[in-house]
Structures are given as structure tokens and as C-alpha cells.
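Data from final-v5.cif: mmCIF, C-alpha atoms
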```
data_coords
loop_
_atom_site.label_atom_id
_atom_site.label_comp_id
_atom_site.auth_asym_id
_atom_site.auth_seq_id
_atom_site.Cartn_x
_atom_site.Cartn_y
_atom_site.Cartn_z
CA MET A 1 -35.87 -2.08 102.68
CA THR A 2 -34.82 -4.20 105.56
CA LEU A 3 -35.37 -7.42 103.78
CA PHE A 4 -32.91 -9.64 105.45
CA ASN A 5 -32.27 -9.28 109.09
CA ARG A 6 -29.57 -11.83 109.30
CA ASP A 7 -27.77 -10.37 112.24
CA LYS A 8 -29.98 -12.28 114.61
CA PRO A 9 -28.27 -15.10 116.46
CA GLN A 10 -29.13 -18.45 115.01
CA SER A 11 -27.68 -21.01 117.34
CA ALA A 12 -25.38 -21.26 120.28
CA PRO A 13 -22.27 -22.67 118.58
CA GLN A 14 -22.46 -20.18 115.73
CA GLN A 15 -22.84 -17.29 118.13
CA LYS A 16 -19.72 -18.36 119.92
CA ALA A 17 -17.83 -18.27 116.66
CA GLN A 18 -19.33 -14.96 115.57
CA ASN A 19 -18.60 -13.10 118.77
CA PRO A 20 -14.96 -12.28 118.12
CA ALA A 21 -15.88 -10.97 114.69
CA GLN A 22 -18.95 -9.03 115.74
CA THR A 23 -17.91 -7.21 118.87
CA PRO A 24 -15.48 -4.72 117.30
CA ARG A 25 -18.06 -3.07 115.02
CA GLU A 26 -15.91 0.03 114.52
CA VAL A 27 -12.95 -1.70 112.93
CA PRO A 28 -12.58 -1.24 109.15
CA PRO A 29 -14.24 -3.95 107.08
CA GLN A 30 -10.98 -5.45 105.85
CA THR A 31 -9.74 -6.41 109.26
CA GLN A 32 -13.23 -7.40 110.23
CA GLN A 33 -13.43 -9.74 107.29
CA ALA A 34 -10.02 -11.14 108.09
CA LYS A 35 -11.13 -11.75 111.64
CA SER A 36 -14.32 -13.40 110.61
CA GLU A 37 -12.39 -15.52 108.17
CA SER A 38 -10.17 -16.71 110.97
CA ALA A 39 -13.36 -17.38 112.88
CA ALA A 40 -14.58 -19.38 109.91
CA ARG A 41 -11.44 -21.47 110.07
CA VAL A 42 -12.12 -22.24 113.71
CA GLU A 43 -15.81 -22.94 113.22
CA VAL A 44 -16.87 -25.85 111.07
CA LEU A 45 -19.71 -23.94 109.37
CA PRO A 46 -18.01 -21.85 106.69
CA PRO A 47 -20.64 -19.51 105.18
CA LEU A 48 -22.43 -18.17 108.23
CA PRO A 49 -19.64 -16.56 110.28
CA VAL A 50 -18.43 -14.57 107.27
CA LYS A 51 -21.90 -13.10 106.83
CA PRO A 52 -21.67 -10.07 109.17
CA ALA A 53 -18.66 -8.75 107.30
CA ILE A 54 -20.57 -8.78 104.01
CA GLN A 55 -23.87 -7.48 105.31
CA PRO A 56 -23.93 -3.85 106.40
CA SER A 57 -24.89 -3.39 110.02
CA THR A 58 -27.56 -0.79 109.21
CA PRO A 59 -29.28 -2.20 106.14
CA SER A 60 -31.98 0.42 105.71
CA GLN A 61 -29.46 3.18 105.28
CA THR A 62 -26.71 1.51 103.37
CA GLN A 63 -28.87 -0.56 101.09
CA THR A 64 -29.90 2.28 98.83
CA MET A 65 -29.09 1.34 95.30
CA ASN A 66 -26.29 2.90 93.39
CA THR A 67 -26.46 1.66 89.85
CA ARG A 68 -23.33 3.47 88.80
CA THR A 69 -20.96 1.77 91.17
CA GLY A 70 -22.94 -1.41 91.42
CA ALA A 71 -22.48 -1.30 95.21
CA THR A 72 -25.84 -2.69 96.03
CA MET A 73 -27.92 -4.79 98.30
CA ALA A 74 -28.94 -8.35 97.76
CA SER A 75 -31.14 -9.43 94.88
CA VAL A 76 -34.81 -8.54 94.60
CA ILE A 77 -37.07 -10.33 92.18
CA SER A 78 -40.07 -8.01 92.13
CA LYS A 79 -43.59 -9.10 91.39
CA ALA A 80 -43.31 -7.86 87.82
CA LEU A 81 -40.43 -10.19 87.06
CA LYS A 82 -40.77 -13.65 85.65
CA ILE A 83 -37.73 -15.85 85.29
CA THR A 84 -37.54 -19.04 83.30
CA GLY A 85 -34.27 -20.67 84.09
CA GLU A 86 -31.79 -21.05 86.88
CA LEU A 87 -30.98 -18.47 89.47
CA GLU A 88 -27.83 -18.75 91.52
CA SER A 89 -26.59 -16.38 94.14
CA THR A 90 -23.98 -16.14 96.85
CA GLU A 91 -26.16 -13.57 98.58
CA ASP A 92 -29.65 -13.20 99.91
CA ILE A 93 -32.59 -13.20 97.55
CA GLN A 94 -36.04 -11.73 97.95
CA ILE A 95 -38.53 -13.24 95.55
CA ASP A 96 -41.89 -11.63 94.88
CA GLY A 97 -42.24 -12.65 91.27
CA GLN A 98 -42.41 -15.91 89.41
CA ILE A 99 -39.59 -18.33 88.83
CA GLU A 100 -39.68 -21.48 86.81
CA GLY A 101 -36.46 -23.21 87.62
CA ASP A 102 -34.11 -23.77 90.49
CA VAL A 103 -33.09 -21.11 92.96
CA ARG A 104 -29.85 -21.23 94.89
CA GLY A 105 -29.13 -18.61 97.48
CA VAL A 106 -27.96 -18.08 101.03
CA GLY A 107 -31.03 -16.49 102.56
CA VAL A 108 -34.06 -16.91 100.35
CA LYS A 109 -37.29 -15.11 101.15
CA ILE A 110 -40.26 -16.04 99.04
CA GLY A 111 -42.95 -13.41 99.35
CA GLN A 112 -46.66 -13.88 99.63
CA ASN A 113 -47.45 -13.44 95.95
CA ALA A 114 -44.39 -15.20 94.70
CA LYS A 115 -44.44 -18.49 92.87
CA VAL A 116 -41.54 -20.82 92.38
CA LYS A 117 -41.65 -23.98 90.32
CA GLY A 118 -38.50 -25.87 91.05
CA THR A 119 -36.10 -26.54 93.86
CA VAL A 120 -35.14 -23.84 96.34
CA TYR A 121 -31.71 -24.35 97.90
CA GLY A 122 -30.43 -22.17 100.70
CA ASP A 123 -29.13 -21.85 104.22
CA ASP A 124 -32.19 -20.04 105.42
CA VAL A 125 -35.46 -20.19 103.49
CA GLU A 126 -38.58 -18.27 104.45
CA LEU A 127 -41.67 -19.17 102.50
CA ALA A 128 -44.82 -17.06 102.46
CA GLY A 129 -45.78 -17.76 98.86
CA THR A 130 -46.12 -20.76 96.63
CA VAL A 131 -43.52 -23.37 95.86
CA GLU A 132 -44.10 -26.33 93.61
CA GLY A 133 -41.09 -28.53 93.86
CA LYS A 134 -38.66 -28.93 96.69
CA ILE A 135 -37.00 -26.94 99.42
CA GLU A 136 -33.54 -27.88 100.63
CA ALA A 137 -32.36 -25.63 103.40
CA LYS A 138 -30.74 -25.77 106.81
CA LYS A 139 -33.37 -23.55 108.32
CA VAL A 140 -36.90 -23.30 106.97
CA LEU A 141 -39.75 -21.04 108.00
CA ILE A 142 -43.16 -21.70 106.50
CA SER A 143 -45.56 -18.81 107.12
CA GLY A 144 -49.31 -19.08 107.39
CA THR A 145 -49.82 -17.85 103.84
CA ALA A 146 -47.47 -20.38 102.34
CA ARG A 147 -48.46 -23.05 99.86
CA MET A 148 -45.92 -25.77 99.49
CA THR A 149 -46.31 -28.68 97.14
CA GLY A 150 -43.38 -31.02 97.49
CA ASP A 151 -40.86 -32.23 99.99
CA ILE A 152 -38.93 -30.08 102.41
CA TRP A 153 -35.43 -31.20 103.32
CA HIS A 154 -34.28 -29.34 106.38
CA GLN A 155 -32.42 -29.38 109.67
CA ASP A 156 -34.57 -26.90 111.47
CA ILE A 157 -38.14 -26.03 110.52
CA LYS A 158 -40.93 -23.82 111.76
CA VAL A 159 -44.41 -24.05 110.32
CA GLU A 160 -47.02 -21.44 111.16
CA SER A 161 -50.69 -22.28 111.32
CA GLY A 162 -52.57 -21.79 108.08
CA ALA A 163 -49.77 -23.07 105.91
CA TYR A 164 -50.60 -25.57 103.23
CA ILE A 165 -48.04 -28.31 102.82
CA ASN A 166 -48.53 -31.18 100.46
CA GLY A 167 -45.42 -33.24 100.77
CA SER A 168 -43.18 -34.68 103.37
CA LEU A 169 -40.75 -33.08 105.75
CA LYS A 170 -37.35 -34.69 105.74
CA PRO A 171 -35.03 -33.67 108.54
CA GLU A 172 -32.09 -35.60 107.12
CA LEU A 173 -30.56 -32.73 105.15
CA GLY A 174 -26.79 -33.08 105.33
CA LYS A 175 -27.00 -35.66 108.09
CA SER A 176 -24.03 -37.52 106.71
CA ASP A 177 -22.13 -34.33 107.43
CA ALA A 178 -20.72 -34.65 110.93
CA LYS A 179 -20.41 -30.85 110.97
CA GLN A 180 -24.11 -30.28 111.40
CA ALA A 181 -24.58 -32.70 114.29
CA PRO A 182 -24.69 -30.31 117.30
CA LYS A 183 -28.02 -28.51 117.19
CA PRO A 184 -29.38 -25.88 119.57
CA ALA A 185 -32.61 -27.79 120.14
CA THR A 186 -30.85 -30.72 121.76
CA ALA A 187 -28.91 -28.37 124.00
CA THR A 188 -32.06 -26.70 125.36
CA THR A 189 -33.87 -29.98 126.02
CA SER A 190 -30.92 -31.40 127.88
CA SER A 191 -30.74 -28.29 130.05
CA ASN A 192 -34.46 -28.60 130.75
CA VAL A 193 -34.01 -32.17 131.85
CA SER A 194 -31.16 -31.28 134.17
CA SER A 195 -33.17 -28.48 135.78
CA LEU A 196 -36.08 -30.85 136.26
CA THR A 197 -33.92 -33.45 137.95
CA GLY A 198 -32.44 -30.66 140.03
CA THR A 199 -35.85 -29.64 141.43
CA THR A 200 -36.90 -33.20 142.15
CA GLY A 201 -33.57 -33.88 143.85
CA ALA A 202 -33.87 -30.83 146.14
CA PRO A 203 -37.41 -30.65 147.55
CA HIS A 204 -36.59 -27.91 150.10
CA HIS A 205 -36.51 -25.29 147.44
CA MET B 206 -46.96 9.97 74.17
CA LEU B 207 -49.60 12.69 74.29
CA ALA B 208 -52.24 10.25 75.40
CA MET B 209 -50.00 9.11 78.19
CA ALA B 210 -49.43 12.66 79.36
CA ARG B 211 -53.17 13.34 79.37
CA ARG B 212 -53.92 10.23 81.34
CA SER B 213 -52.02 11.46 84.37
CA PRO B 214 -52.34 15.24 84.46
CA ASP B 215 -51.70 15.48 88.21
CA GLN B 216 -48.31 13.86 87.89
CA THR B 217 -45.49 15.97 86.65
CA PRO B 218 -44.48 14.36 83.39
CA GLY B 219 -40.88 13.31 83.73
CA PRO B 220 -38.38 13.43 80.91
CA ASN B 221 -38.75 9.72 80.48
CA ILE B 222 -42.29 8.58 79.70
CA VAL B 223 -41.43 4.97 80.39
CA ARG B 224 -40.86 5.79 84.04
CA ASP B 225 -44.55 6.60 84.50
CA GLU B 226 -45.62 3.15 83.45
CA ILE B 227 -43.53 1.47 86.08
CA GLU B 228 -45.46 0.80 89.22
CA ALA B 229 -43.64 -2.15 90.72
CA PRO B 230 -40.40 -1.52 92.59
CA PRO B 231 -37.41 -2.25 90.41
CA SER B 232 -36.07 -5.76 90.40
CA HIS B 233 -32.47 -6.05 91.24
CA LEU B 234 -29.94 -8.80 90.70
CA GLY B 235 -27.06 -8.42 93.11
CA PRO B 236 -23.40 -8.78 92.15
CA GLY B 237 -23.27 -12.30 93.50
CA THR B 238 -26.25 -13.44 91.49
CA GLY B 239 -26.27 -15.26 88.20
CA ILE B 240 -29.22 -16.22 86.06
CA GLN B 241 -29.32 -18.49 83.09
CA GLY B 242 -32.58 -18.32 81.20
CA ALA B 243 -35.28 -15.90 80.19
CA LEU B 244 -36.32 -12.88 82.21
CA GLU B 245 -39.53 -11.01 81.65
CA VAL B 246 -40.13 -7.82 83.59
CA ASP B 247 -43.08 -5.51 83.35
CA GLY B 248 -41.02 -2.74 84.86
CA GLU B 249 -37.48 -1.90 85.66
CA LEU B 250 -34.64 -4.34 86.10
CA VAL B 251 -31.20 -3.53 87.45
CA VAL B 252 -28.54 -6.13 86.78
CA SER B 253 -25.46 -6.00 88.96
CA GLY B 254 -24.82 -9.70 88.54
CA ARG B 255 -24.58 -11.95 85.52
CA VAL B 256 -27.35 -12.90 83.14
CA LYS B 257 -27.07 -15.34 80.29
CA GLY B 258 -30.19 -15.42 78.22
CA ARG B 259 -33.00 -13.24 77.04
CA ILE B 260 -34.29 -10.19 78.87
CA ALA B 261 -37.55 -8.43 78.13
CA ALA B 262 -38.12 -5.35 80.24
CA LEU B 263 -39.48 -1.84 80.11
CA ARG B 264 -36.28 -0.41 81.43
CA LEU B 265 -33.03 -2.26 81.88
CA VAL B 266 -29.97 -1.00 83.67
CA ILE B 267 -26.75 -2.98 83.55
CA ALA B 268 -24.74 -1.71 86.47
CA ALA B 269 -20.96 -1.43 86.44
CA THR B 270 -20.54 -4.87 87.98
CA GLY B 271 -23.23 -6.37 85.78
CA SER B 272 -22.81 -8.42 82.66
CA VAL B 273 -25.42 -9.63 80.24
CA GLU B 274 -25.02 -12.10 77.42
CA GLY B 275 -27.93 -12.53 75.05
CA ASP B 276 -30.82 -10.58 73.63
CA ILE B 277 -32.42 -7.57 75.25
CA ILE B 278 -35.82 -6.22 74.30
CA ALA B 279 -36.74 -3.05 76.15
CA THR B 280 -37.87 0.51 75.68
CA ASP B 281 -34.96 1.95 77.57
CA VAL B 282 -31.54 0.44 78.15
CA VAL B 283 -28.69 1.92 80.16
CA ILE B 284 -25.35 0.13 80.18
CA HIS B 285 -22.57 0.76 82.69
CA GLY B 286 -21.20 -2.76 82.63
CA GLN B 287 -20.61 -5.48 80.11
CA PHE B 288 -22.90 -6.60 77.36
CA ASN B 289 -22.55 -9.12 74.59
CA GLY B 290 -25.42 -9.82 72.24
CA ARG B 291 -28.26 -7.92 70.66
CA ILE B 292 -30.30 -5.02 71.95
CA PHE B 293 -33.67 -4.04 70.55
CA ALA B 294 -34.62 -0.77 72.21
CA PRO B 295 -35.71 2.69 71.07
CA THR B 296 -33.49 4.38 73.61
CA VAL B 297 -30.05 3.08 74.47
CA ALA B 298 -27.46 4.79 76.61
CA ILE B 299 -23.95 3.39 76.79
CA GLU B 300 -22.16 4.99 79.67
CA ALA B 301 -18.48 5.46 80.40
CA GLY B 302 -16.78 2.26 81.42
CA ALA B 303 -19.23 0.08 79.54
CA GLU B 304 -18.03 -2.73 77.33
CA VAL B 305 -20.49 -3.54 74.59
CA ASP B 306 -20.17 -6.09 71.85
CA GLY B 307 -22.85 -6.97 69.36
CA ARG B 308 -25.75 -5.29 67.62
CA ILE B 309 -27.80 -2.44 68.95
CA PHE B 310 -31.06 -1.77 67.14
CA HIS B 311 -32.12 1.68 68.27
CA THR B 312 -33.86 4.93 67.45
CA ASN B 313 -31.85 6.96 69.86
CA VAL B 314 -28.45 5.97 71.10
CA SER B 315 -25.87 7.74 73.18
CA VAL B 316 -22.35 6.59 73.81
CA ALA B 317 -20.33 8.24 76.51
CA ARG B 318 -16.65 8.95 76.23
CA GLY B 319 -14.77 6.07 77.78
CA ALA B 320 -17.13 3.35 76.64
CA ARG B 321 -15.83 0.44 74.63
CA VAL B 322 -18.16 -0.47 71.82
CA SER B 323 -17.64 -2.96 69.08
CA GLY B 324 -20.22 -4.20 66.67
CA ARG B 325 -22.97 -2.49 64.75
CA MET B 326 -25.63 -0.02 65.76
CA PRO B 327 -28.36 -0.09 63.10
CA TRP B 328 -30.92 2.69 63.34
CA ARG B 329 -34.60 1.77 63.20
CA PRO B 330 -37.73 3.95 63.26
CA LEU B 331 -39.89 3.92 66.39
CA SER B 332 -42.56 1.89 64.59
CA TYR B 333 -40.04 -0.94 64.23
CA PHE B 334 -40.09 -1.52 67.97
CA GLU B 335 -43.87 -1.58 68.24
CA THR B 336 -44.09 -4.80 66.29
CA LEU B 337 -40.94 -6.19 67.72
CA ASP B 338 -42.33 -9.45 69.07
CA LYS B 339 -43.53 -10.33 65.58
CA LEU B 340 -40.22 -9.73 63.92
CA PRO B 341 -38.35 -12.90 63.05
CA GLU B 342 -34.96 -11.40 63.84
CA ALA B 343 -35.98 -10.58 67.41
CA ARG B 344 -37.18 -14.06 68.14
CA PRO B 345 -35.10 -16.19 70.47
#
```
Once you've parsed the file, please lay out its structure as C-alpha cells.
Amino acid sequence: MTLFNRDKPQSAPQQKAQNPAQTPREVPPQTQQAKSESAARVEVLPPLPVKPAIQPSTPSQTQTMNTRTGATMASVISKALKITGELESTEDIQIDGQIEGDVRGVGVKIGQNAKVKGTVYGDDVELAGTVEGKIEAKKVLISGTARMTGDIWHQDIKVESGAYINGSLKPELGKSDAKQAPKPATATTSSNVSSLTGTTGAPHH
Amino acid sequence: MLAMARRSPDQTPGPNIVRDEIEAPPSHLGPGTGIQGALEVDGELVVSGRVKGRIAALRLVIAATGSVEGDIIATDVVIHGQFNGRIFAPTVAIEAGAEVDGRIFHTNVSVARGARVSGRMPWRPLSYFETLDKLPEARP
């Protein structure tokens, strides 16, 4: 059940901060966590750099459930589950069922047959199902099967073709926060511009 | 029970009949997850986090790190963690290390050595659980 592949690099500044914590994969988790915590102190984004220490590097093998010890993977709301109320998590959540109420998580994946009535808060929200309400997340991915009724507050969004969105997209999420100002998109465009000026400046090439 | 066994002759009937009815993968609430409200599962639910409210499930497992406060209506309940409230279930297993407080309406209960149980455990016939949703005492 490789539900959350969160090891992928998300942006340039985060990667820089994660590198010291990620490279020594063999070190015991305690020192790794300590290292990533020191990385978190350096980096302005607190929750993301700590992530690799919490998440096992090989999810499919380590994420088998052990109900006795409770050493388990992130939360799964299966399609047979219906929740009326508030769900809060410091981990990733996979939702395939129905939720009437607010959802707070780190990485929230809303499956194709899932339905959420309420606000979805998270760092990273992937929507393939139905949401009636609001999404507030740093990074949002709307798949082609998604049905979104309501506003999406985000910093970074991707919408695939086929998605139904009835509401407005608001990129102002956390804009008052000076921490979130440097974004990878601006970095790539500026580099493109510089390369363009470089080619026009040197016609011999 | 017999009818259920006849319905699926190709499957080896497990010791727990309830298991055969579950087709969806079990829902799981991780240790960092908390829910306040009502949960309704047509299948199995494993709670490693915290739940405050009412749970209706076929099979409910409260893992060692899990804690539930409120009413539980299920056919099969296994507790490794903490529970405070009422349980309405024909089969209840309280495992070692569990901390249970409240009332457990049951037909069949087992308590492992090392469990901490306080409260009452009234026995009820199986027929009691069939009409459970109509009983005033099981209402939220």
C-alpha cells in the first residue's frame, strides 16, 4: 500500500534543507530525527523536513499493520467508513469513504469515490473525488476525476483536464507569512529569462 | 450462521463468521489521528489514534496506542488500548494491556490476564443485539 510517496522532492529550498538529513539513510532513526530537527531549525518550514524521519523509506514493506503494537502506517478511511464529525491528524490520510466535517492532515489524498463535505486542511492535498466545501493547502493536485464545489486556497496548484471545479482558486494562502515567499516557480522562470537573454546576447552560438 | 456458511461453500469458513462479510479493506486511524464525531463502518475499523464519539462497525480493533471514548456498536470488538464508555457487541475480547472503563453488553467476553477492567459487563442473549438499533439504551 504505497499510498503516500512523500519522499519526492518538492521544491528547491526544501531539498537543500532535507539533504543533510536524507543522505545518511543507514543511521539509526534517533540520530536521523535529531539531524532533521536541526535541519528544521535552520529551515523556516517546520513540518516538511522532519517528514523523512517519520516516514519509513520503504513504505510497502514496513507499512504492514500490526494491531498489537499499534506501530502502523498513516490513516486510511476506507470506502465503507462514514464519519460525521471532525478528523484531525498529524500524519497522512487516505480517504476513500465519506466525511461530513472538517479534515486536517499533513498529506491528504481523497480517492475517486470519496466524498467530503467540509473543509480540507493540509500541506499537500490530492483530490480525485468529491469535495463540497473548501480546500486549504500549500500544494493542491486536482485530478481529472475530481469534483470540487467551493474555493481552493493554495500556494501551488495543478489541475488535470476533466476536473470539475465550481468555485474560485485563491493563491493567497499564508501570504502574510514571509516564510512562504520563495517559491520554486519563480526560480525556474527567472532562470529561463536569463538563458534567453544569454542566447540573444551571444549570436555566435 | 448456517445460511452464511452455505452461501459461500468454496471459501473455507473461518472461525469468525463476521470476517466473511467484510469485503472492503479495513479502515485504519493512525496514532496521530483524532476524530470527534460518529463513525459508521460496514467492515473493519482499526483505531490506533483517538476517537471521541460513537462507533458502529462490524469489527472494531482498538490497538495498543488507540483510545476510544463513547459508545461502540459492533459484532466483534477487540481491545488492546484504552476504552471508556459502553460497548454493545456479541463478542468482546479485552487483551492484555487494555484499560477498559464502562459497560460491556456482550454474549461472549474474554479478558486476558494483565488487562485493567472497571465497570460492569452485563450478559445479553444474541437476540438482544439483533434489535440493537431499536433499543433505547443503545441510542446516542
Option closest in space to Ala298 (chain B), from B:Ile260, B:Ile240, B:Ile278, B:Val266 [counting all atoms listed in the file]: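 With all atoms listed in the file as the atom set, the closest residue is B:Val266.
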Evaluate the PyMOL selection byres ((chain A and resi 88-103) around 8) and report residues as a PyMOL selection string: (chain A and resi 3-4+74-87+104-121) or (chain B and resi 235+237-240)
Listing only residues of chain B within 8 Å of chain A, what is the closest atom pair and its distance in Å (to one decimal) for each, using all atoms listed in the file, sorted by chain and residue number ascending, as JSON lines?
```
{"residue": "B:Ala229", "atom": "CA", "partner": "A:Ala80", "partner_atom": "CA", "distance": 6.4}
{"residue": "B:Pro230", "atom": "CA", "partner": "A:Ser78", "partner_atom": "CA", "distance": 6.5}
{"residue": "B:Pro231", "atom": "CA", "partner": "A:Ser78", "partner_atom": "CA", "distance": 6.6}
{"residue": "B:Ser232", "atom": "CA", "partner": "A:Ser78", "partner_atom": "CA", "distance": 4.9}
{"residue": "B:His233", "atom": "CA", "partner": "A:Val76", "partner_atom": "CA", "distance": 4.8}
{"residue": "B:Leu234", "atom": "CA", "partner": "A:Ser75", "partner_atom": "CA", "distance": 4.4}
{"residue": "B:Gly235", "atom": "CA", "partner": "A:Ser75", "partner_atom": "CA", "distance": 4.6}
{"residue": "B:Pro236", "atom": "CA", "partner": "A:Gly70", "partner_atom": "CA", "distance": 7.4}
{"residue": "B:Gly237", "atom": "CA", "partner": "A:Thr90", "partner_atom": "CA", "distance": 5.1}
{"residue": "B:Thr238", "atom": "CA", "partner": "A:Ser89", "partner_atom": "CA", "distance": 4.0}
{"residue": "B:Gly239", "atom": "CA", "partner": "A:Glu88", "partner_atom": "CA", "distance": 5.1}
{"residue": "B:Ile240", "atom": "CA", "partner": "A:Leu87", "partner_atom": "CA", "distance": 4.4}
{"residue": "B:Gln241", "atom": "CA", "partner": "A:Glu86", "partner_atom": "CA", "distance": 5.2}
{"residue": "B:Gly242", "atom": "CA", "partner": "A:Gly85", "partner_atom": "CA", "distance": 4.1}
{"residue": "B:Ala243", "atom": "CA", "partner": "A:Thr84", "partner_atom": "CA", "distance": 5.0}
{"residue": "B:Leu244", "atom": "CA", "partner": "A:Ile83", "partner_atom": "CA", "distance": 4.5}
{"residue": "B:Glu245", "atom": "CA", "partner": "A:Lys82", "partner_atom": "CA", "distance": 5.0}
{"residue": "B:Val246", "atom": "CA", "partner": "A:Leu81", "partner_atom": "CA", "distance": 4.2}
{"residue": "B:Asp247", "atom": "CA", "partner": "A:Ala80", "partner_atom": "CA", "distance": 5.1}
{"residue": "B:Gly248", "atom": "CA", "partner": "A:Ala80", "partner_atom": "CA", "distance": 6.3}
{"residue": "B:Val251", "atom": "CA", "partner": "A:Thr67", "partner_atom": "CA", "distance": 7.4}
{"residue": "B:Ser253", "atom": "CA", "partner": "A:Gly70", "partner_atom": "CA", "distance": 5.8}
{"residue": "B:Val266", "atom": "CA", "partner": "A:Thr67", "partner_atom": "CA", "distance": 7.6}
{"residue": "B:Ile267", "atom": "CA", "partner": "A:Thr67", "partner_atom": "CA", "distance": 7.8}
{"residue": "B:Ala268", "atom": "CA", "partner": "A:Thr67", "partner_atom": "CA", "distance": 5.1}
{"residue": "B:Ala269", "atom": "CA", "partner": "A:Gly70", "partner_atom": "CA", "distance": 5.4}
{"residue": "B:Thr270", "atom": "CA", "partner": "A:Gly70", "partner_atom": "CA", "distance": 5.4}
{"residue": "B:Gly271", "atom": "CA", "partner": "A:Gly70", "partner_atom": "CA", "distance": 7.5}
{"residue": "B:His285", "atom": "CA", "partner": "A:Arg68", "partner_atom": "CA", "distance": 6.7}
```
Test item: the PyMOL selection byres ((chain B and resi 323) around 6) resolved as a VMD selection string: chain B and resid 306 322 324
Ground truth for the PyMOL selection byres ((chain B and resi 274) around 7), written as a list in words: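 Checked against the file, the PyMOL selection byres ((chain B and resi 274) around 7) matches Val256, Lys257, Gly258, Ser272, Val273, Gly275, Phe288, Asn289 and Gly290 of chain B.
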Straight-line distance linking CA of Ala317 (chain B) with CA of Ala301 (chain B), stated in Å to one decimal: 5.1 Å
d(CA of Pro327 (chain B), CA of Arg259 (chain B)) in Å: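 Calculated distance between CA of Pro327 (chain B) and CA of Arg259 (chain B) is 19.7 Å.
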Polymer residues at most 12 Å from Thr145 (chain A), only C-alpha atoms, same-chain spacing of 4 or more positions, as a list of chain:residue names: A:Ile110, A:Gly111, A:Gln112, A:Asn113, A:Ala114, A:Glu126, A:Leu127, A:Ala128, A:Gly129, A:Thr130, A:Val131, A:Leu141, A:Val159, A:Glu160, A:Ser161, A:Gly162, A:Ala163, A:Tyr164, A:Ile165
Test item: which residues lie within 10 Å of (-40.2, 2.6, 67.9) counting only C-alpha atoms, as a list in words: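 Selection result: Thr280, Phe293, Ala294, Pro295, Thr296, His311, Thr312, Asn313, Arg329, Pro330, Leu331, Ser332, Tyr333, Phe334, Glu335, Thr336 and Leu337 of chain B.
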Shortest interatomic distance to Ala262 (chain B) - which of B:Gln287, B:Ile292, B:Ile299, B:Arg325, counting only C-alpha atoms: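 With only C-alpha atoms as the atom set, the closest residue is B:Ile292.
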Atomic separation - CA of Val297 (chain B) relative to CA of Gly319 (chain B), Å: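 Value for the CA of Gly319 (chain B)-CA of Val297 (chain B) distance: 15.9 Å.
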Minimum-distance residue to Phe310 (chain B), chosen among B:Val252, B:Ala261, B:Ile284, B:Ala279 (using all atoms listed in the file):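 Among the listed residues, the smallest separation from Phe310 (chain B) belongs to B:Ala279.
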Long-range neighbours of region 151-157 of chain A as a PyMOL selection string, 7 Å cut-off, only C-alpha atoms, 4 positions minimum in chain: chain A and resi 134-141+167-173
